[in-house]
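Engineer: Before I ask anything, here is the structure I am working with.
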Amino acid sequence: MKRVSRLAALALAGTVALAGCASIPMEGSVELARHVEQDREQGVRYFPAGPLTGGSREEIVQGFLDAGTGVQDNFAVARQFLASESADQWRPEQRTIVAGGQASMKTLATNLVEVTLQSYGEVDAAGNYTFYVQPKSVTLQFKLAQIDGEWRIQEAPDAIVLQRQAFVDLFHSLTLEYFDSQFTYTTGDLRWVMTNRDEATRATQLLLEGPNQWLAQGGAVRSAIPAQVRLLEPVRTDGNTAIVNLSDKISHMPPDQLSLVRLQLEQTLKPVLEVGAVEIRVNGAKLDVQLPQPGRVLLETEVKSAPLVAQGQQVGYLYGTELREPQGAANVESVVVDQKVIRGALSLSRQTAALLTKDATLAMRFADTEPQLIDTRPGQIEPSLDNWDYVWTQSTEQPGLWVTKIGETYSEEIALPEGVRDDFISFQPSRDGVRMAFLYKDDDRVVLAISPIQRDEAGTPVGFGEPLLLKMPGAAAADVAWVDRNTVAMLVDVPDGSTDVRIYRVGGELTSLGTIQDAVQVAGSNSLAGMRIIDRNGTLYASHGTGWRSNAATVSFLFAQE
């Protein structure tokens, strides 16, 4: 265990208070997080004190809440505050409340204490994190009784309460790997687990339970692992191999499905254990399982790290101030110039493009000599192009989300998910084709909506699942883009006239990355460092330290790399 030297104070209850950078302010009116490095080394432990002799009801409840940081020995210290029967029944892993500021406490009756606190998010039993842009008031009740002359808690919520810094110290995220509806792409499902537990075993158990219900709506995300399969013992390693012992339900599966199971396990466990492979066993016996044939499943949905831009009469990837034309893109470049294209999107395959002019949306494959007319509605916003070569279009004057397959002649209107306004001003599908991000203004809030895309057996979009809605302060919505397969970037105009750059990690937190004056377009890459933004004058900005630095290059627009 790494020793922590930045010890600030030892509180009366015995909780270690640690100096450091908290990503969410716990007091005041600020509602957005400051960026926290996700991959820093974890090694912090807290050592809370047990019950005070002669402690009052309020002191016992407060001590119990403070002891939620003591995760050692299955929260042994916290259980000391509970009556013996309650100590056996208490399930702290069911709910983790990320709190801020001081809790208010009052005694409602002789044996009942009520605690009210401000929550900035919660983690449920499956590791799903619900983040609150504005703090939410949460009330917890505790029933106490005197046992041998000391107050003890008879009834307590199945939950722990952690201040923000304690949550950062004691929890971290991991990604469970599933598939899109066609089992063509892998897709990540972010979960949060305690750092001092057996993370590999916990990750495997969560993986077997299946994808988040929100993601799985309408089969948008699927698992190759049958629901009845169980993990029979903790995951262990043998050299560079992780050993996963599963129940016999898996032994009757066909080889091609077993190969997908192994792929899921490997992609989930490799980052956790830093191993090279996974060995599957059934009731202790090794099962010979091969990985899928190369190209059967696309593991990476990375795009070019350099931004793709239109600059004067040219289209290309921008390296510093040097522009390099994409291979085979001469026909696309000609159309961009001839048709006076003002926005564009490039597919994940880097072989198809969607192009917006002032009059219509066009699309073409790199090999095409002429573009296909997709949508002629007036007032169109920047189109999107998913990894199945479907072009998505929207008009501010004749609202409606249209979907057209490149090479086909008809368009279908897709009903928007519940709660999403039809006048959204920016949208983009995730690179695995699983989720759609919408950005729009709703009354006095800017809203980010993320909804699973539901497709038929051929991969054609047919609808959306119920969205996640993230409502945040802002004067106007400007643009949205996927930074990577699980992170969304937004440009949100704020009242002082500048534009705030925000990111949301799906299943994580909302973060502000600072402001840029008059920013109008953001394009993702494969990391936060690869994001690019342009302002109304075409000035290009890149991330630099804790702010943004302008590039010497001036561009007409950024292509969305999707």
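Chain lettering (A, B, ...) mirrors the order of the structure tokens, residue numbering begins at 1 for each chain separately, and ligand numbering begins at 1 in order of display.
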Compile the contact shell of range 474-489 of chain A as number ranges by chain: residues with an atom at most 7 Å away, counting only C-alpha atoms, same-chain residues fewer than 3 positions apart removed.

Structural biologist: A: 426-428, 430-432, 439-441, 445-446, 492-495, 502-506, 520-528, 531

Engineer: Please produce a file of the residues just selected, as a PDB file, in the first residue's frame, where the atoms kept are N, CA and C atoms.

Structural biologist:
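Result written to again08.pdb:
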```pdb
ATOM      1  N   SER A 426     -27.529  20.435 -32.108  1.00  0.00           N
ATOM      2  CA  SER A 426     -26.327  19.657 -32.415  1.00  0.00           C
ATOM      3  C   SER A 426     -26.533  18.233 -31.927  1.00  0.00           C
ATOM      4  N   PHE A 427     -25.975  17.271 -32.669  1.00  0.00           N
ATOM      5  CA  PHE A 427     -26.120  15.870 -32.283  1.00  0.00           C
ATOM      6  C   PHE A 427     -24.996  15.074 -32.939  1.00  0.00           C
ATOM      7  N   GLN A 428     -24.706  13.903 -32.373  1.00  0.00           N
ATOM      8  CA  GLN A 428     -23.672  13.051 -32.956  1.00  0.00           C
ATOM      9  C   GLN A 428     -23.778  11.646 -32.371  1.00  0.00           C
ATOM     10  N   SER A 430     -22.260   7.988 -31.184  1.00  0.00           N
ATOM     11  CA  SER A 430     -20.980   7.495 -30.691  1.00  0.00           C
ATOM     12  C   SER A 430     -20.333   6.619 -31.754  1.00  0.00           C
ATOM     13  N   ARG A 431     -19.039   6.432 -31.659  1.00  0.00           N
ATOM     14  CA  ARG A 431     -18.310   5.749 -32.726  1.00  0.00           C
ATOM     15  C   ARG A 431     -18.602   4.259 -32.800  1.00  0.00           C
ATOM     16  N   ASP A 432     -19.140   3.688 -31.724  1.00  0.00           N
ATOM     17  CA  ASP A 432     -19.548   2.290 -31.788  1.00  0.00           C
ATOM     18  C   ASP A 432     -20.979   2.145 -32.315  1.00  0.00           C
ATOM     19  N   LEU A 439     -27.805  17.957 -28.060  1.00  0.00           N
ATOM     20  CA  LEU A 439     -27.589  19.147 -27.247  1.00  0.00           C
ATOM     21  C   LEU A 439     -28.615  20.204 -27.649  1.00  0.00           C
ATOM     22  N   TYR A 440     -29.292  20.806 -26.659  1.00  0.00           N
ATOM     23  CA  TYR A 440     -30.332  21.788 -26.954  1.00  0.00           C
ATOM     24  C   TYR A 440     -30.601  22.653 -25.738  1.00  0.00           C
ATOM     25  N   LYS A 441     -31.323  23.746 -25.969  1.00  0.00           N
ATOM     26  CA  LYS A 441     -31.732  24.639 -24.880  1.00  0.00           C
ATOM     27  C   LYS A 441     -33.163  24.310 -24.492  1.00  0.00           C
ATOM     28  N   ARG A 445     -32.153  26.207 -19.132  1.00  0.00           N
ATOM     29  CA  ARG A 445     -31.081  25.222 -19.023  1.00  0.00           C
ATOM     30  C   ARG A 445     -30.634  24.763 -20.400  1.00  0.00           C
ATOM     31  N   VAL A 446     -29.360  24.359 -20.476  1.00  0.00           N
ATOM     32  CA  VAL A 446     -28.859  23.619 -21.627  1.00  0.00           C
ATOM     33  C   VAL A 446     -28.903  22.144 -21.252  1.00  0.00           C
ATOM     34  N   VAL A 492     -20.919  25.353 -24.616  1.00  0.00           N
ATOM     35  CA  VAL A 492     -22.101  25.969 -24.021  1.00  0.00           C
ATOM     36  C   VAL A 492     -21.807  27.445 -23.796  1.00  0.00           C
ATOM     37  N   ASP A 493     -22.593  28.301 -24.431  1.00  0.00           N
ATOM     38  CA  ASP A 493     -22.436  29.741 -24.229  1.00  0.00           C
ATOM     39  C   ASP A 493     -22.913  30.113 -22.836  1.00  0.00           C
ATOM     40  N   VAL A 494     -22.152  30.975 -22.173  1.00  0.00           N
ATOM     41  CA  VAL A 494     -22.492  31.395 -20.809  1.00  0.00           C
ATOM     42  C   VAL A 494     -22.799  32.890 -20.809  1.00  0.00           C
ATOM     43  N   PRO A 495     -23.449  33.391 -19.757  1.00  0.00           N
ATOM     44  CA  PRO A 495     -23.957  34.774 -19.782  1.00  0.00           C
ATOM     45  C   PRO A 495     -22.912  35.860 -20.020  1.00  0.00           C
ATOM     46  N   ARG A 502     -17.143  21.893 -22.006  1.00  0.00           N
ATOM     47  CA  ARG A 502     -17.505  20.919 -20.969  1.00  0.00           C
ATOM     48  C   ARG A 502     -17.415  19.511 -21.526  1.00  0.00           C
ATOM     49  N   ILE A 503     -17.076  18.590 -20.664  1.00  0.00           N
ATOM     50  CA  ILE A 503     -17.100  17.188 -21.056  1.00  0.00           C
ATOM     51  C   ILE A 503     -17.939  16.395 -20.058  1.00  0.00           C
ATOM     52  N   TYR A 504     -18.581  15.368 -20.575  1.00  0.00           N
ATOM     53  CA  TYR A 504     -19.336  14.458 -19.726  1.00  0.00           C
ATOM     54  C   TYR A 504     -18.888  13.044 -20.030  1.00  0.00           C
ATOM     55  N   ARG A 505     -18.410  12.373 -19.028  1.00  0.00           N
ATOM     56  CA  ARG A 505     -18.030  10.973 -19.151  1.00  0.00           C
ATOM     57  C   ARG A 505     -19.274  10.154 -18.839  1.00  0.00           C
ATOM     58  N   VAL A 506     -19.806   9.449 -19.814  1.00  0.00           N
ATOM     59  CA  VAL A 506     -21.068   8.746 -19.640  1.00  0.00           C
ATOM     60  C   VAL A 506     -20.899   7.684 -18.547  1.00  0.00           C
ATOM     61  N   VAL A 520     -17.402  27.965 -31.709  1.00  0.00           N
ATOM     62  CA  VAL A 520     -18.586  27.535 -32.448  1.00  0.00           C
ATOM     63  C   VAL A 520     -18.594  26.056 -32.796  1.00  0.00           C
ATOM     64  N   GLN A 521     -17.426  25.395 -32.786  1.00  0.00           N
ATOM     65  CA  GLN A 521     -17.397  23.997 -33.212  1.00  0.00           C
ATOM     66  C   GLN A 521     -16.327  23.243 -32.447  1.00  0.00           C
ATOM     67  N   VAL A 522     -16.663  22.018 -32.017  1.00  0.00           N
ATOM     68  CA  VAL A 522     -15.719  21.144 -31.337  1.00  0.00           C
ATOM     69  C   VAL A 522     -15.667  19.820 -32.086  1.00  0.00           C
ATOM     70  N   ALA A 523     -14.474  19.243 -32.165  1.00  0.00           N
ATOM     71  CA  ALA A 523     -14.305  17.931 -32.788  1.00  0.00           C
ATOM     72  C   ALA A 523     -13.471  17.068 -31.851  1.00  0.00           C
ATOM     73  N   GLY A 524     -13.903  15.821 -31.686  1.00  0.00           N
ATOM     74  CA  GLY A 524     -13.184  14.903 -30.826  1.00  0.00           C
ATOM     75  C   GLY A 524     -12.050  14.227 -31.557  1.00  0.00           C
ATOM     76  N   SER A 525     -11.218  13.574 -30.782  1.00  0.00           N
ATOM     77  CA  SER A 525     -10.128  12.770 -31.328  1.00  0.00           C
ATOM     78  C   SER A 525     -10.195  11.427 -30.624  1.00  0.00           C
ATOM     79  N   ASN A 526      -9.143  11.053 -29.925  1.00  0.00           N
ATOM     80  CA  ASN A 526      -9.155   9.808 -29.156  1.00  0.00           C
ATOM     81  C   ASN A 526      -8.891  10.056 -27.679  1.00  0.00           C
ATOM     82  N   SER A 527      -8.749  11.317 -27.310  1.00  0.00           N
ATOM     83  CA  SER A 527      -8.457  11.694 -25.933  1.00  0.00           C
ATOM     84  C   SER A 527      -8.799  13.162 -25.759  1.00  0.00           C
ATOM     85  N   LEU A 528      -8.803  13.616 -24.512  1.00  0.00           N
ATOM     86  CA  LEU A 528      -9.054  15.028 -24.254  1.00  0.00           C
ATOM     87  C   LEU A 528      -7.979  15.891 -24.898  1.00  0.00           C
ATOM     88  N   MET A 531      -8.707  16.937 -28.559  1.00  0.00           N
ATOM     89  CA  MET A 531      -9.848  17.778 -28.929  1.00  0.00           C
ATOM     90  C   MET A 531      -9.380  19.027 -29.667  1.00  0.00           C
TER      91      MET A 531
END
```

Engineer: Do a neighbour search on range 411-417 of chain A at 8 Å with only C-alpha atoms, toss out local chain neighbours closer than 4 positions, and write the hits as a list of chain:residue names.

Structural biologist: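 Near range 411-417 of chain A, the qualifying residues are A:Ile374, A:Gly400, A:Leu401, A:Trp402, A:Val403, A:Thr404, A:Lys405, A:Arg421, A:Asp422, A:Ser451, A:Pro461, A:Val462, A:Gly463, A:Phe464, A:Gly465, A:Glu466, A:Pro467.
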
Engineer: Give the helix (DSSP H, G or I) residues of range 270-425 of chain A, as DSSP finds them on the backbone, and put them as a list of chain:residue names.

Structural biologist: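 Listing helix (DSSP H, G or I) positions across range 270-425 of chain A yields A:Lys270, A:Pro271, A:Val272, A:Leu273, A:Ala330, A:Asn331, A:Val332, A:Glu333, A:Ser334, A:Val335, A:Val336, A:Val337, A:Asp338.
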
Engineer: Keeping N, CA and C atoms, export the residues of the selection given above as a short mmCIF file (atom, residue, chain, number, x, y, z; two decimals), in the first residue's frame.

Structural biologist:
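Contents of out-v5.cif, freshly written:
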```
data_model
loop_
_atom_site.label_atom_id
_atom_site.label_comp_id
_atom_site.auth_asym_id
_atom_site.auth_seq_id
_atom_site.Cartn_x
_atom_site.Cartn_y
_atom_site.Cartn_z
N LYS A 270 -8.07 -7.21 -18.94
CA LYS A 270 -6.70 -6.79 -19.26
C LYS A 270 -6.31 -5.48 -18.58
N PRO A 271 -7.13 -4.44 -18.64
CA PRO A 271 -6.74 -3.19 -17.97
C PRO A 271 -6.70 -3.30 -16.45
N VAL A 272 -7.49 -4.24 -15.89
CA VAL A 272 -7.55 -4.38 -14.43
C VAL A 272 -6.34 -5.14 -13.91
N LEU A 273 -6.01 -6.24 -14.56
CA LEU A 273 -4.94 -7.11 -14.08
C LEU A 273 -3.63 -6.94 -14.83
N ALA A 330 -9.71 12.89 -53.16
CA ALA A 330 -9.69 13.97 -54.16
C ALA A 330 -11.09 14.36 -54.60
N ASN A 331 -11.97 13.36 -54.78
CA ASN A 331 -13.34 13.66 -55.23
C ASN A 331 -14.12 14.42 -54.16
N VAL A 332 -13.92 14.03 -52.90
CA VAL A 332 -14.59 14.73 -51.79
C VAL A 332 -14.09 16.16 -51.72
N GLU A 333 -12.81 16.35 -51.87
CA GLU A 333 -12.24 17.69 -51.83
C GLU A 333 -12.83 18.57 -52.93
N SER A 334 -13.01 18.01 -54.12
CA SER A 334 -13.59 18.78 -55.23
C SER A 334 -15.02 19.21 -54.91
N VAL A 335 -15.78 18.31 -54.31
CA VAL A 335 -17.16 18.64 -53.97
C VAL A 335 -17.20 19.72 -52.88
N VAL A 336 -16.31 19.62 -51.88
CA VAL A 336 -16.26 20.63 -50.82
C VAL A 336 -16.04 22.02 -51.42
N VAL A 337 -15.16 22.10 -52.40
CA VAL A 337 -14.86 23.40 -53.03
C VAL A 337 -15.99 23.84 -53.95
N ASP A 338 -16.43 22.94 -54.82
CA ASP A 338 -17.43 23.30 -55.84
C ASP A 338 -18.80 23.63 -55.23
#
```

Engineer: Quick one, how far is CA of Gly508 in chain A from CA of Thr130 in chain A?

Structural biologist: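 According to the coordinates, CA of Gly508 in chain A and CA of Thr130 in chain A are separated by 7.3 Å.
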
Engineer: Kindly indicate which residue among A:Val297, A:Ile160, A:Leu558, A:Ile516 lies nearest to Gly344 in chain A, using only C-alpha atoms for the distances.

Structural biologist: A:Leu558

Engineer: Just give me the gap between CA of Gly433 in chain A and CA of Asp180 in chain A in Å, one decimal is fine.

Structural biologist: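 Rounded to one decimal, the two atoms are 7.3 Å apart.
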
Engineer: A:Glu85, A:Glu408, A:Asp169, A:Glu177: which is nearest Leu265 in chain A, counting only C-alpha atoms?

Structural biologist: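 Closest candidate: A:Glu177.
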
Engineer: Among range 291-440 of chain A, which ones does DSSP place in strand (DSSP E or B), written as JSON, numbers by chain?

Structural biologist: {"A": [298, 308, 309, 310, 311, 314, 315, 316, 317, 318, 319, 322, 323, 324, 343, 344, 345, 346, 352, 353, 354, 355, 356, 361, 362, 363, 364, 365, 372, 373, 374, 375, 380, 384, 385, 390, 391, 392, 393, 395, 402, 403, 404, 405, 411, 412, 413, 426, 427, 428, 429, 435, 436, 437, 438, 439, 440]}

Engineer: Neighbouring residues of range 102-108 of chain A were defined as those with any atom within 10 Å, considering only C-alpha atoms; residues of the same chain fewer than 6 positions away were excluded. Please report them as a PDB file with C-alpha atoms, in the first residue's frame.

Structural biologist:
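Here's the written file part-v1.pdb:
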```pdb
ATOM      1  CA  MET A  26     -18.749  21.066  -2.028  1.00  0.00           C
ATOM      2  CA  GLU A  27     -20.134  24.501  -1.146  1.00  0.00           C
ATOM      3  CA  ARG A  57     -27.656   9.569  19.679  1.00  0.00           C
ATOM      4  CA  GLU A  58     -26.447  12.269  17.291  1.00  0.00           C
ATOM      5  CA  VAL A  61     -25.109   8.550  13.970  1.00  0.00           C
ATOM      6  CA  GLN A  62     -22.374  11.001  12.977  1.00  0.00           C
ATOM      7  CA  GLU A 114     -33.004  12.170  10.725  1.00  0.00           C
ATOM      8  CA  VAL A 115     -30.040  13.323   8.641  1.00  0.00           C
ATOM      9  CA  THR A 116     -30.377  15.641   5.652  1.00  0.00           C
ATOM     10  CA  LEU A 117     -27.434  16.202   3.338  1.00  0.00           C
ATOM     11  CA  GLN A 118     -26.578  17.482  -0.127  1.00  0.00           C
ATOM     12  CA  VAL A 138     -31.170  13.419   0.514  1.00  0.00           C
ATOM     13  CA  THR A 139     -32.761  12.423   3.830  1.00  0.00           C
ATOM     14  CA  LEU A 140     -31.718   9.350   5.823  1.00  0.00           C
ATOM     15  CA  GLN A 141     -33.359   8.044   8.973  1.00  0.00           C
ATOM     16  CA  PHE A 142     -31.764   6.026  11.769  1.00  0.00           C
ATOM     17  CA  GLN A 163     -17.409  13.336   1.094  1.00  0.00           C
TER      18      GLN A 163
END
```

Engineer: When you look at Ala99 in chain A with a cut-off of 10 Å (counting only C-alpha atoms), what residues show up, excluding the ones that are within fewer than 5 positions of it in the same chain? I need them as an MDAnalysis selection string.

Structural biologist: chainID A and resid 26 117:122 135:138 161:167

Engineer: So how many Å separate CA of Ser181 in chain A and CA of Ala353 in chain A, to one decimal?

Structural biologist: 23.7 Å

Engineer: Env of Thr460 in chain A: 9 Å cut, atoms = only C-alpha atoms, seq-sep filter 2 positions within chain, self excluded. Answer as a compact mmCIF listing (two decimals) with C-alpha atoms, in the first residue's frame.

Structural biologist:
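What follows is the written file part17.txt:
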```txt
# COMPACT_ATOMS: atom_id res chain seq x y z
CA TRP A 388 -23.05 1.86 -40.70
CA TYR A 390 -26.32 6.13 -42.22
CA LYS A 405 -28.38 5.08 -45.97
CA GLN A 454 -32.09 0.77 -31.41
CA ARG A 455 -31.51 -1.06 -34.71
CA ASP A 456 -33.13 -3.94 -36.58
CA GLU A 457 -31.31 -7.13 -37.59
CA ALA A 458 -29.76 -5.39 -40.62
CA VAL A 462 -35.48 2.13 -35.88
```

Engineer: Which residues are near range 252-254 of chain A? Cut-off 10 Å, only C-alpha atoms, ignore same chain within fewer than 4 positions. Put them as JSON, numbers by chain.

Structural biologist: {"A": [224, 225, 226, 248, 258, 259, 261]}

Engineer: Output the selection as a PDB file, in the first residue's frame - N, CA and C atoms for each residue.

Structural biologist:
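Okay, again_15.pdb is ready:
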```
ATOM      1  N   ALA A 224     -22.540 -11.535 -24.943  1.00  0.00           N
ATOM      2  CA  ALA A 224     -22.506 -12.898 -25.479  1.00  0.00           C
ATOM      3  C   ALA A 224     -22.628 -13.929 -24.366  1.00  0.00           C
ATOM      4  N   ILE A 225     -22.601 -13.483 -23.126  1.00  0.00           N
ATOM      5  CA  ILE A 225     -22.614 -14.397 -21.978  1.00  0.00           C
ATOM      6  C   ILE A 225     -24.049 -14.619 -21.521  1.00  0.00           C
ATOM      7  N   PRO A 226     -24.530 -15.855 -21.505  1.00  0.00           N
ATOM      8  CA  PRO A 226     -25.902 -16.119 -21.051  1.00  0.00           C
ATOM      9  C   PRO A 226     -26.113 -15.652 -19.613  1.00  0.00           C
ATOM     10  N   ASP A 248     -21.214 -24.443 -15.464  1.00  0.00           N
ATOM     11  CA  ASP A 248     -21.261 -25.293 -16.648  1.00  0.00           C
ATOM     12  C   ASP A 248     -22.239 -24.830 -17.718  1.00  0.00           C
ATOM     13  N   LEU A 258     -18.629 -18.720 -27.860  1.00  0.00           N
ATOM     14  CA  LEU A 258     -17.613 -18.804 -26.815  1.00  0.00           C
ATOM     15  C   LEU A 258     -16.453 -17.852 -27.099  1.00  0.00           C
ATOM     16  N   SER A 259     -16.115 -17.697 -28.362  1.00  0.00           N
ATOM     17  CA  SER A 259     -15.023 -16.790 -28.705  1.00  0.00           C
ATOM     18  C   SER A 259     -15.375 -15.355 -28.319  1.00  0.00           C
ATOM     19  N   VAL A 261     -17.371 -14.578 -25.817  1.00  0.00           N
ATOM     20  CA  VAL A 261     -17.293 -14.554 -24.354  1.00  0.00           C
ATOM     21  C   VAL A 261     -15.857 -14.297 -23.915  1.00  0.00           C
TER      22      VAL A 261
END
```

Engineer: Leaving out Gln94 in chain A and any residue of its chain fewer than 4 positions from it, which residues lie within 8 Å of it when counting only C-alpha atoms, given as number ranges by chain?

Structural biologist: A: 124-125, 158-159
